[in-house]
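my_file.cif (mmCIF, N, CA and C atoms)
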```cif
data_protein
#
loop_
_atom_site.group_PDB
_atom_site.id
_atom_site.type_symbol
_atom_site.label_atom_id
_atom_site.label_comp_id
_atom_site.auth_asym_id
_atom_site.auth_seq_id
_atom_site.Cartn_x
_atom_site.Cartn_y
_atom_site.Cartn_z
ATOM 1 N N MET V 1 -49.547 38.772 -8.103
ATOM 2 C CA MET V 1 -49.650 40.218 -8.177
ATOM 3 C C MET V 1 -49.430 40.663 -9.614
ATOM 4 N N ILE V 2 -50.029 41.731 -9.966
ATOM 5 C CA ILE V 2 -49.921 42.248 -11.323
ATOM 6 C C ILE V 2 -48.548 42.896 -11.498
ATOM 7 N N GLU V 3 -47.840 42.545 -12.569
ATOM 8 C CA GLU V 3 -46.492 43.038 -12.787
ATOM 9 C C GLU V 3 -46.444 44.316 -13.625
ATOM 10 N N ASN V 4 -47.492 44.600 -14.365
ATOM 11 C CA ASN V 4 -47.512 45.763 -15.237
ATOM 12 C C ASN V 4 -47.770 47.034 -14.412
ATOM 13 N N PHE V 5 -46.981 48.100 -14.655
ATOM 14 C CA PHE V 5 -47.104 49.341 -13.897
ATOM 15 C C PHE V 5 -48.485 49.961 -14.062
ATOM 16 N N TRP V 6 -48.989 50.070 -15.281
ATOM 17 C CA TRP V 6 -50.269 50.730 -15.529
ATOM 18 C C TRP V 6 -51.432 49.912 -14.973
ATOM 19 N N ALA V 7 -51.318 48.620 -15.015
ATOM 20 C CA ALA V 7 -52.359 47.774 -14.427
ATOM 21 C C ALA V 7 -52.368 47.946 -12.906
ATOM 22 N N ASN V 8 -51.181 48.036 -12.302
ATOM 23 C CA ASN V 8 -51.103 48.288 -10.857
ATOM 24 C C ASN V 8 -51.699 49.650 -10.515
ATOM 25 N N ALA V 9 -51.402 50.636 -11.328
ATOM 26 C CA ALA V 9 -51.935 51.974 -11.078
ATOM 27 C C ALA V 9 -53.459 51.967 -11.178
ATOM 28 N N ALA V 10 -53.991 51.335 -12.204
ATOM 29 C CA ALA V 10 -55.446 51.258 -12.367
ATOM 30 C C ALA V 10 -56.074 50.479 -11.211
ATOM 31 N N TYR V 11 -55.431 49.379 -10.825
ATOM 32 C CA TYR V 11 -55.932 48.554 -9.732
ATOM 33 C C TYR V 11 -55.955 49.343 -8.427
ATOM 34 N N SER V 12 -55.045 50.280 -8.264
ATOM 35 C CA SER V 12 -54.986 51.087 -7.054
ATOM 36 C C SER V 12 -55.991 52.229 -7.065
ATOM 37 N N VAL V 13 -56.269 52.799 -8.228
ATOM 38 C CA VAL V 13 -57.094 54.001 -8.308
ATOM 39 C C VAL V 13 -58.582 53.683 -8.507
ATOM 40 N N ILE V 14 -58.899 52.622 -9.186
ATOM 41 C CA ILE V 14 -60.299 52.309 -9.516
ATOM 42 C C ILE V 14 -61.179 52.151 -8.268
ATOM 43 N N PRO V 15 -60.760 51.429 -7.219
ATOM 44 C CA PRO V 15 -61.634 51.329 -6.033
ATOM 45 C C PRO V 15 -61.932 52.690 -5.398
ATOM 46 N N THR V 16 -60.939 53.577 -5.360
ATOM 47 C CA THR V 16 -61.153 54.909 -4.799
ATOM 48 C C THR V 16 -62.153 55.692 -5.633
ATOM 49 N N ILE V 17 -62.019 55.603 -6.936
ATOM 50 C CA ILE V 17 -62.952 56.298 -7.826
ATOM 51 C C ILE V 17 -64.366 55.743 -7.663
ATOM 52 N N LEU V 18 -64.502 54.433 -7.557
ATOM 53 C CA LEU V 18 -65.833 53.828 -7.396
ATOM 54 C C LEU V 18 -66.477 54.231 -6.069
ATOM 55 N N VAL V 19 -65.714 54.242 -4.992
ATOM 56 C CA VAL V 19 -66.256 54.649 -3.696
ATOM 57 C C VAL V 19 -66.666 56.115 -3.748
ATOM 58 N N GLY V 20 -65.841 56.946 -4.384
ATOM 59 C CA GLY V 20 -66.183 58.357 -4.531
ATOM 60 C C GLY V 20 -67.440 58.552 -5.356
ATOM 61 N N LEU V 21 -67.590 57.777 -6.404
ATOM 62 C CA LEU V 21 -68.786 57.859 -7.249
ATOM 63 C C LEU V 21 -70.032 57.431 -6.482
ATOM 64 N N ILE V 22 -69.943 56.386 -5.712
ATOM 65 C CA ILE V 22 -71.082 55.926 -4.906
ATOM 66 C C ILE V 22 -71.449 56.990 -3.869
ATOM 67 N N PHE V 23 -70.439 57.566 -3.217
ATOM 68 C CA PHE V 23 -70.692 58.620 -2.245
ATOM 69 C C PHE V 23 -71.384 59.810 -2.898
ATOM 70 N N TRP V 24 -70.903 60.206 -4.070
ATOM 71 C CA TRP V 24 -71.498 61.336 -4.791
ATOM 72 C C TRP V 24 -72.960 61.055 -5.145
ATOM 73 N N LEU V 25 -73.248 59.840 -5.612
ATOM 74 C CA LEU V 25 -74.627 59.497 -5.965
ATOM 75 C C LEU V 25 -75.543 59.516 -4.747
ATOM 76 N N VAL V 26 -75.062 59.010 -3.627
ATOM 77 C CA VAL V 26 -75.871 59.003 -2.406
ATOM 78 C C VAL V 26 -76.141 60.432 -1.932
ATOM 79 N N MET V 27 -75.106 61.265 -1.916
ATOM 80 C CA MET V 27 -75.289 62.648 -1.478
ATOM 81 C C MET V 27 -76.205 63.415 -2.430
ATOM 82 N N ARG V 28 -76.078 63.160 -3.717
ATOM 83 C CA ARG V 28 -76.935 63.819 -4.706
ATOM 84 C C ARG V 28 -78.392 63.438 -4.486
ATOM 85 N N SER V 29 -78.654 62.162 -4.213
ATOM 86 C CA SER V 29 -80.034 61.737 -3.989
ATOM 87 C C SER V 29 -80.589 62.335 -2.702
ATOM 88 N N ILE V 30 -79.769 62.469 -1.674
ATOM 89 C CA ILE V 30 -80.220 63.076 -0.422
ATOM 90 C C ILE V 30 -80.562 64.544 -0.636
ATOM 91 N N VAL V 31 -79.708 65.269 -1.345
ATOM 92 C CA VAL V 31 -79.953 66.693 -1.584
ATOM 93 C C VAL V 31 -81.195 66.887 -2.443
ATOM 94 N N ARG V 32 -81.361 66.062 -3.465
ATOM 95 C CA ARG V 32 -82.560 66.176 -4.305
ATOM 96 C C ARG V 32 -83.827 65.855 -3.526
ATOM 97 N N ALA V 33 -83.777 64.844 -2.667
ATOM 98 C CA ALA V 33 -84.951 64.499 -1.862
ATOM 99 C C ALA V 33 -85.303 65.639 -0.921
ATOM 100 N N ASP V 34 -84.290 66.259 -0.319
ATOM 101 C CA ASP V 34 -84.538 67.387 0.581
ATOM 102 C C ASP V 34 -85.142 68.562 -0.181
ATOM 103 N N ARG V 35 -84.615 68.840 -1.367
ATOM 104 C CA ARG V 35 -85.140 69.949 -2.168
ATOM 105 C C ARG V 35 -86.597 69.690 -2.548
ATOM 106 N N THR V 36 -86.904 68.465 -2.947
ATOM 107 C CA THR V 36 -88.276 68.116 -3.316
ATOM 108 C C THR V 36 -89.198 68.222 -2.106
ATOM 109 N N GLU V 37 -88.736 67.734 -0.959
ATOM 110 C CA GLU V 37 -89.557 67.793 0.255
ATOM 111 C C GLU V 37 -89.840 69.235 0.655
ATOM 112 N N ARG V 38 -88.840 70.089 0.562
ATOM 113 C CA ARG V 38 -89.040 71.498 0.915
ATOM 114 C C ARG V 38 -90.026 72.180 -0.025
ATOM 115 N N SER V 39 -89.959 71.873 -1.318
ATOM 116 C CA SER V 39 -90.886 72.506 -2.257
ATOM 117 C C SER V 39 -92.316 72.014 -2.035
ATOM 118 N N VAL V 40 -92.482 70.738 -1.756
ATOM 119 C CA VAL V 40 -93.815 70.204 -1.475
ATOM 120 C C VAL V 40 -94.361 70.803 -0.183
ATOM 121 N N TYR V 41 -93.509 70.923 0.832
ATOM 122 C CA TYR V 41 -93.941 71.520 2.102
ATOM 123 C C TYR V 41 -94.355 72.973 1.899
ATOM 124 N N ALA V 42 -93.600 73.715 1.111
ATOM 125 C CA ALA V 42 -93.941 75.117 0.843
ATOM 126 C C ALA V 42 -95.269 75.218 0.103
ATOM 127 N N GLU V 43 -95.509 74.300 -0.825
ATOM 128 C CA GLU V 43 -96.780 74.303 -1.564
ATOM 129 C C GLU V 43 -97.954 74.005 -0.629
ATOM 130 N N ILE V 44 -97.797 73.030 0.227
ATOM 131 C CA ILE V 44 -98.859 72.693 1.183
ATOM 132 C C ILE V 44 -99.107 73.861 2.133
ATOM 133 N N GLU V 45 -98.022 74.481 2.596
ATOM 134 C CA GLU V 45 -98.177 75.603 3.513
ATOM 135 C C GLU V 45 -98.899 76.775 2.842
ATOM 136 N N SER V 46 -98.581 77.058 1.584
ATOM 137 C CA SER V 46 -99.266 78.158 0.897
ATOM 138 C C SER V 46 -100.745 77.833 0.679
ATOM 139 N N GLU V 47 -101.062 76.576 0.395
ATOM 140 C CA GLU V 47 -102.469 76.178 0.258
ATOM 141 C C GLU V 47 -103.214 76.359 1.579
ATOM 142 N N GLU V 48 -102.579 75.962 2.668
ATOM 143 C CA GLU V 48 -103.212 76.104 3.983
ATOM 144 C C GLU V 48 -103.398 77.574 4.350
ATOM 145 N N ARG V 49 -102.415 78.405 4.034
ATOM 146 C CA ARG V 49 -102.549 79.837 4.315
ATOM 147 C C ARG V 49 -103.682 80.442 3.491
ATOM 148 N N ALA V 50 -103.797 80.044 2.226
ATOM 149 C CA ALA V 50 -104.871 80.555 1.372
ATOM 150 C C ALA V 50 -106.230 80.108 1.904
ATOM 151 N N ARG V 51 -106.309 78.855 2.340
ATOM 152 C CA ARG V 51 -107.563 78.349 2.899
ATOM 153 C C ARG V 51 -107.922 79.105 4.170
ATOM 154 N N PHE V 52 -106.942 79.351 5.011
ATOM 155 C CA PHE V 52 -107.170 80.091 6.250
ATOM 156 C C PHE V 52 -107.622 81.516 5.958
ATOM 157 N N GLU V 53 -106.981 82.162 4.997
ATOM 158 C CA GLU V 53 -107.360 83.534 4.617
ATOM 159 C C GLU V 53 -108.788 83.573 4.068
ATOM 160 N N ALA V 54 -109.131 82.600 3.220
ATOM 161 C CA ALA V 54 -110.472 82.554 2.641
ATOM 162 C C ALA V 54 -111.522 82.301 3.726
ATOM 163 N N GLU V 55 -111.196 81.424 4.653
ATOM 164 C CA GLU V 55 -112.127 81.108 5.738
ATOM 165 C C GLU V 55 -112.357 82.330 6.623
ATOM 166 N N ASN V 56 -111.307 83.066 6.918
ATOM 167 C CA ASN V 56 -111.452 84.269 7.758
ATOM 168 C C ASN V 56 -112.114 85.399 7.012
ATOM 169 N N ALA V 57 -111.962 85.457 5.691
ATOM 170 C CA ALA V 57 -112.617 86.534 4.913
ATOM 171 C C ALA V 57 -114.117 86.324 4.918
ATOM 172 N N VAL V 58 -114.575 85.087 4.896
ATOM 173 C CA VAL V 58 -116.016 84.795 4.835
ATOM 174 C C VAL V 58 -116.647 84.956 6.224
ATOM 175 N N THR V 59 -116.048 84.388 7.236
ATOM 176 C CA THR V 59 -116.652 84.374 8.575
ATOM 177 C C THR V 59 -116.146 85.480 9.482
ATOM 178 N N GLY V 60 -115.074 86.122 9.125
ATOM 179 C CA GLY V 60 -114.484 87.131 9.990
ATOM 180 C C GLY V 60 -113.553 86.477 10.978
ATOM 181 N N PRO V 61 -112.692 87.262 11.578
ATOM 182 C CA PRO V 61 -111.741 86.673 12.525
ATOM 183 C C PRO V 61 -112.459 86.104 13.740
ATOM 184 N N ARG V 62 -111.935 85.005 14.243
ATOM 185 C CA ARG V 62 -112.529 84.359 15.419
ATOM 186 C C ARG V 62 -111.967 84.987 16.688
ATOM 187 N N GLU V 63 -112.812 85.019 17.697
ATOM 188 C CA GLU V 63 -112.380 85.501 19.007
ATOM 189 C C GLU V 63 -111.725 84.340 19.745
ATOM 190 N N PRO V 64 -110.614 84.587 20.424
ATOM 191 C CA PRO V 64 -109.961 83.495 21.168
ATOM 192 C C PRO V 64 -110.679 83.098 22.415
#
```

This entry written out as structure tokens:
Amino acid sequence: MIENFWANAAYSVIPTILVGLIFWLVMRSIVRADRTERSVYAEIESEERARFEAENAVTGPREP
């Protein structure tokens, strides 16, 4: 066992800090992926709405 007080303190704290850092990186990547997915989905949806509007402007509204 390590006899030095500061080495013991570092040995005790470093694993907690590393686990916290890994958790933070994983959560950050999840949040960024969600943000990117939402922006891409919004872009696709706006393109589809524009296409639908253009199609209805040319042919007129369809009867159900």

Centre and edge lengths of an axis-aligned box around all listed atoms of range 11-19 of chain V, with 8 Å added on each side, are to be given in Å to one decimal, as lines of an AutoDock Vina configuration file.
```
center_x = -60.8
center_y = 52.4
center_z = -7.3
size_x = 27.7
size_y = 23.7
size_z = 23.1
```

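In this structure, atom C of Ala42 in chain V sits 19.1 Å away from atom N of Asn56 in chain V.
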
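Relative to atom C of Glu43 in chain V, atom C of Ser29 in chain V is found at 21.0 Å.
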
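In this structure, CA of Phe23 in chain V sits 27.9 Å away from CA of Phe5 in chain V.
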